[in-house]
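Worksheet: the structure to be examined is printed underneath.
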Protein chains: 2
Amino acid sequence: MKLYTFPPAPNPKRLDIFIAEKGIEIETITVDLMAGEHRKAPYLSINPWGTVPALVLDDGTLMTEVIGMLYYLEELYPEVPLLGSDTVSRAQILSWDHRCFFEGFSSVAEVLRNSSEAFVDRALPGPISYAQIPDLVERGRKRIHGFYHVLDKHLEGKPFMVGDTFTVADIAAYVFVNFSGWVKETIPDDCQYLLAWYQKVSERPSVKS
Amino acid sequence: MKLYTFPPAPNPKRLDIFIAEKGIEIETITVDLMAGEHRKAPYLSINPWGTVPALVLDDGTLMTEVIGMLYYLEELYPEVPLLGSDTVSRAQILSWDHRCFFEGFSSVAEVLRNSSEAFVDRALPGPISYAQIPDLVERGRKRIHGFYHVLDKHLEGKPFMVGDTFTVADIAAYVFVNFSGWVKETIPDDCQYLLAWYQKVSERPSVKS
């Protein structure tokens with residue numbers, strides 16, 4: 001299989017941390033988002049949506065969504081388990097991954113894509129042009145802070161997002177917080193549990209690399 | 001376990017179709033969204049996010065995200081499989097569920113919640129108040145049509161969204177199209193594959209009920 005990616009971007013980072021935690025190696029091709037390579041040939045013939053990361057299996061099957069790739073790689077490389085070791089854990093990890101994406105990650109993207117000159121007429125990912133909506137910048141910042149507090153409340157008394165080990169739920173929450181730094185937001189002082197967890201996760205070799 | 005839900009709403013519908021396809025029964029409590037029951041006690045003591053559906057297990061574990069509930073129920077009731085019968089299928093079903101939610105479902109919600117008087121100051125789900133942003137109405141309609149065409153292109157030559165059987169990917173896509181009717185959008189005539197698929201899926205007993 002081949003992984004098309006751009007390591008500095010947040011969605012690719014979800015996958016990179018997962019791969020580093022597993023200790024596996026995957027053939028990787030860099031698609032330079034800064035140079036716009038994702039929006040022209042030859043990349044669009046590989047992934048017509050123009051998003052990264054994209055995973056292409058040996059039989060040509062294209063995977064474009066991180067959650068699908070994580071599930072696929074977890075089945076292929078079950079050790080170390082990162083998607084849960086029992087039914088309830090796995091359900092809750094999928095749920096937190098979803099929440100971190102929809103409530104956290106998307107909020108940061110909302111701020112970034114509706115304020116940065118680099119995203120004029122590209123306020124949403126994918127091949128269709130969408131104009132920026134300035135009101136989304138303030139809303140996105142409010143959403144980011146709302147989600148910091150969701151995570152903080154959830155992490156009270158817990159070593160990790162789900163269960164006693166580091167999982168995809170921690171990857172999702174970490175990448176959200178890290179990505180929020182791109183729009184100059186940081187965890188507020190009243191989120192002690194989130195701050196302590198973030199500090200701990202930031203020290204993992206998979207995250208530092 | 002107990003399922004707190006409001007059958008007319010689209011997120012609960014994803015779960016209801018799944019349950020009907022499985023032929024299982026789950027104790028269900030209706031939370032009347034029209035009467036605002038999800039935004040006050042006693043429901044907020046059950047699910048502090050104030051969203052439906054919510055699944056509460058016998059040990060008190062709360063599940064608030066549909067994808068987590070579907071995964072949990074699939075493990076508990078493996079027949080008929082609705083989340084895929086092999087690794088690649090399951091990865092692709094998770095991916096399409098994600099896309100249908102983020103690109104499809106959210107687009108309809110964007111139109112509805114930013115235009116309807118019923119959602120003034122509640123432009124996003126959950127306990128935090130968000131003002132409506134009128135520009136999102138037009139953007140949402142454009143996104144809906146973009147996603148109709150994504151699905152149409154994908155369905156060319158295929159009986160179902162993933163593989164040869166009805167799965168959660170079909171449920172997600174069906175509920176998106178059905179939900180788009182709430183904001184008076186319909187599949188355009190140039191989406192023949194989507195139209196034919198939607199007609200076929202609409203005739204399933206699980207969907208009609």
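Every chain in the structure tokens has a letter given in the order shown (A, B, ...), and although residue numbers restart at 1 in each chain, ligands are simply numbered from 1 in the order shown.
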
Shell around Asp164 of chain A at 12 Å using only C-alpha atoms, local window under 4 positions removed, as a list in words: Leu82, Gly84, Ser85, Ser89, Leu155, Gly157, Lys158, Pro159, Phe160, Ala169 and Asp170 of chain A

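Proximity to chain B at a cut-off of 7 Å picks out A:Glu65, A:Ile67, A:Gly68, A:Met69, A:Tyr71, A:Tyr72, A:Glu75, A:Thr87, A:Val88, A:Ala91, A:Gln92, A:Leu94, A:Ser95 on chain A, counting only C-alpha atoms.
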
Store the residues picked out above, limited to C-alpha atoms, as a PDB file, in the first residue's frame.
```pdb
ATOM      1  CA  GLU A  65     -11.086   9.005   5.464  1.00  0.00           C
ATOM      2  CA  ILE A  67     -11.116   6.670  10.541  1.00  0.00           C
ATOM      3  CA  GLY A  68     -11.352   4.038   7.784  1.00  0.00           C
ATOM      4  CA  MET A  69      -7.581   3.905   7.416  1.00  0.00           C
ATOM      5  CA  TYR A  71      -9.599   0.689  11.287  1.00  0.00           C
ATOM      6  CA  TYR A  72      -7.908  -1.012   8.332  1.00  0.00           C
ATOM      7  CA  GLU A  75      -6.897  -5.090  11.707  1.00  0.00           C
ATOM      8  CA  THR A  87     -16.613  -3.875  22.594  1.00  0.00           C
ATOM      9  CA  VAL A  88     -17.561  -0.977  24.855  1.00  0.00           C
ATOM     10  CA  ALA A  91     -17.530   1.949  20.688  1.00  0.00           C
ATOM     11  CA  GLN A  92     -16.449   4.786  22.966  1.00  0.00           C
ATOM     12  CA  LEU A  94     -15.101   5.585  17.777  1.00  0.00           C
ATOM     13  CA  SER A  95     -17.483   8.010  19.482  1.00  0.00           C
TER      14      SER A  95
END
```

Atom-to-atom span, atom CA of Phe18 of chain A and atom CA of Ile171 of chain A, Å: 7.5 Å

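For Asp190 of chain B, the set of protein, DNA and RNA residues having any atom at most 10 Å away, when counting only C-alpha atoms and skipping those fewer than 6 positions along the same chain, is Tyr148, His149 and Asp152 of chain B.
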
Val108 of chain B surroundings by only C-alpha atoms, 8 Å radius, close-in-sequence under 6 positions cut, as number ranges by chain: B: 140-141, 144, 176, 179-180, 183

Could you write out that same residue set with N, CA and C atoms as an mmCIF file, in the first residue's frame?
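Output below, filename again11.cif:
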```
data_model
loop_
_atom_site.group_PDB
_atom_site.id
_atom_site.type_symbol
_atom_site.label_atom_id
_atom_site.label_comp_id
_atom_site.auth_asym_id
_atom_site.auth_seq_id
_atom_site.Cartn_x
_atom_site.Cartn_y
_atom_site.Cartn_z
ATOM 1 N N GLY B 140 -24.967 25.875 2.771
ATOM 2 C CA GLY B 140 -25.444 24.527 3.058
ATOM 3 C C GLY B 140 -26.144 23.910 1.850
ATOM 4 N N ARG B 141 -26.955 24.716 1.165
ATOM 5 C CA ARG B 141 -27.662 24.187 -0.023
ATOM 6 C C ARG B 141 -26.659 23.785 -1.108
ATOM 7 N N ILE B 144 -25.132 20.523 -0.036
ATOM 8 C CA ILE B 144 -26.057 19.394 -0.249
ATOM 9 C C ILE B 144 -25.961 18.922 -1.698
ATOM 10 N N PHE B 176 -29.260 11.011 4.980
ATOM 11 C CA PHE B 176 -28.881 12.326 4.440
ATOM 12 C C PHE B 176 -29.892 12.788 3.389
ATOM 13 N N PHE B 179 -33.253 13.539 4.933
ATOM 14 C CA PHE B 179 -33.152 14.758 5.751
ATOM 15 C C PHE B 179 -33.105 15.994 4.851
ATOM 16 N N SER B 180 -32.487 15.866 3.692
ATOM 17 C CA SER B 180 -32.405 17.033 2.791
ATOM 18 C C SER B 180 -33.801 17.482 2.350
ATOM 19 N N VAL B 183 -35.400 20.476 4.151
ATOM 20 C CA VAL B 183 -35.100 21.846 3.726
ATOM 21 C C VAL B 183 -35.452 22.019 2.241
#
```

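Atom pair atom CA of Leu195 of chain A / atom CA of Val177 of chain A has a distance of 10.0 Å (rounded to one decimal).
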
Please run DSSP on the backbone and report, as a compact mmCIF listing (two decimals) with C-alpha atoms, in the first residue's frame, all residues within segment 22-194 of chain A that come out as strand (DSSP E or B).
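Once everything was written out, this is result-v3.txt:
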```txt
# COMPACT_ATOMS: atom_id res chain seq x y z
CA GLU A 27 5.50 3.60 1.90
CA THR A 28 4.78 7.32 1.94
CA ILE A 29 4.53 9.91 -0.81
CA THR A 30 4.43 13.57 0.17
CA ALA A 54 -5.15 9.01 1.11
CA LEU A 55 -4.26 5.34 1.36
CA VAL A 56 -4.10 3.25 -1.80
CA LEU A 62 -8.66 4.07 -2.39
CA MET A 63 -9.28 5.11 1.23
CA ARG A 122 -11.57 27.37 -0.24
CA TYR A 130 -16.74 27.90 -1.07
```

Those in segment 31-98 of chain B with helix (DSSP H, G or I) from DSSP, as a PyMOL selection string: chain B and resi 37-39+43-46+66-76+87-98

Which of B:Arg113, B:Met1, B:Glu138, B:Lys22 sits closest to Gly60 of chain B [using only C-alpha atoms]: B:Met1

Contact residues around Pro8 of chain B with only C-alpha atoms at 12 Å, ignoring same-chain residues under 5 positions, as a list of chain:residue names: B:Lys13, B:Arg14, B:Leu15, B:Asp16, B:Ile17, B:Thr30, B:Val31, B:Asp32, B:Leu33, B:Met34, B:Val52, B:Pro53, B:Val175, B:Asn178, B:Phe179, B:Trp182, B:Ser209

Please dump the current selection as a PDB file, in the first residue's frame; keep C-alpha atoms.
```pdb
ATOM      1  CA  LYS B  13     -33.487   7.485  12.304  1.00  0.00           C
ATOM      2  CA  ARG B  14     -30.000   6.116  11.546  1.00  0.00           C
ATOM      3  CA  LEU B  15     -30.301   3.936  14.620  1.00  0.00           C
ATOM      4  CA  ASP B  16     -33.941   2.992  14.051  1.00  0.00           C
ATOM      5  CA  ILE B  17     -33.260   1.662  10.554  1.00  0.00           C
ATOM      6  CA  THR B  30     -39.044   9.072  23.793  1.00  0.00           C
ATOM      7  CA  VAL B  31     -37.505  12.479  24.519  1.00  0.00           C
ATOM      8  CA  ASP B  32     -39.797  15.067  22.949  1.00  0.00           C
ATOM      9  CA  LEU B  33     -37.490  17.483  21.131  1.00  0.00           C
ATOM     10  CA  MET B  34     -40.439  19.618  20.037  1.00  0.00           C
ATOM     11  CA  VAL B  52     -30.543  12.299  21.142  1.00  0.00           C
ATOM     12  CA  PRO B  53     -30.200   9.445  20.622  1.00  0.00           C
ATOM     13  CA  VAL B 175     -30.856   9.460   5.989  1.00  0.00           C
ATOM     14  CA  ASN B 178     -34.251  11.968   3.389  1.00  0.00           C
ATOM     15  CA  PHE B 179     -33.152  14.758   5.751  1.00  0.00           C
ATOM     16  CA  TRP B 182     -36.684  18.788   5.351  1.00  0.00           C
ATOM     17  CA  SER B 209     -41.714   1.624   9.068  1.00  0.00           C
TER      18      SER B 209
END
```

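Here atom CA of Thr186 of chain B is placed at a distance of 11.0 Å from atom CA of Tyr198 of chain B.
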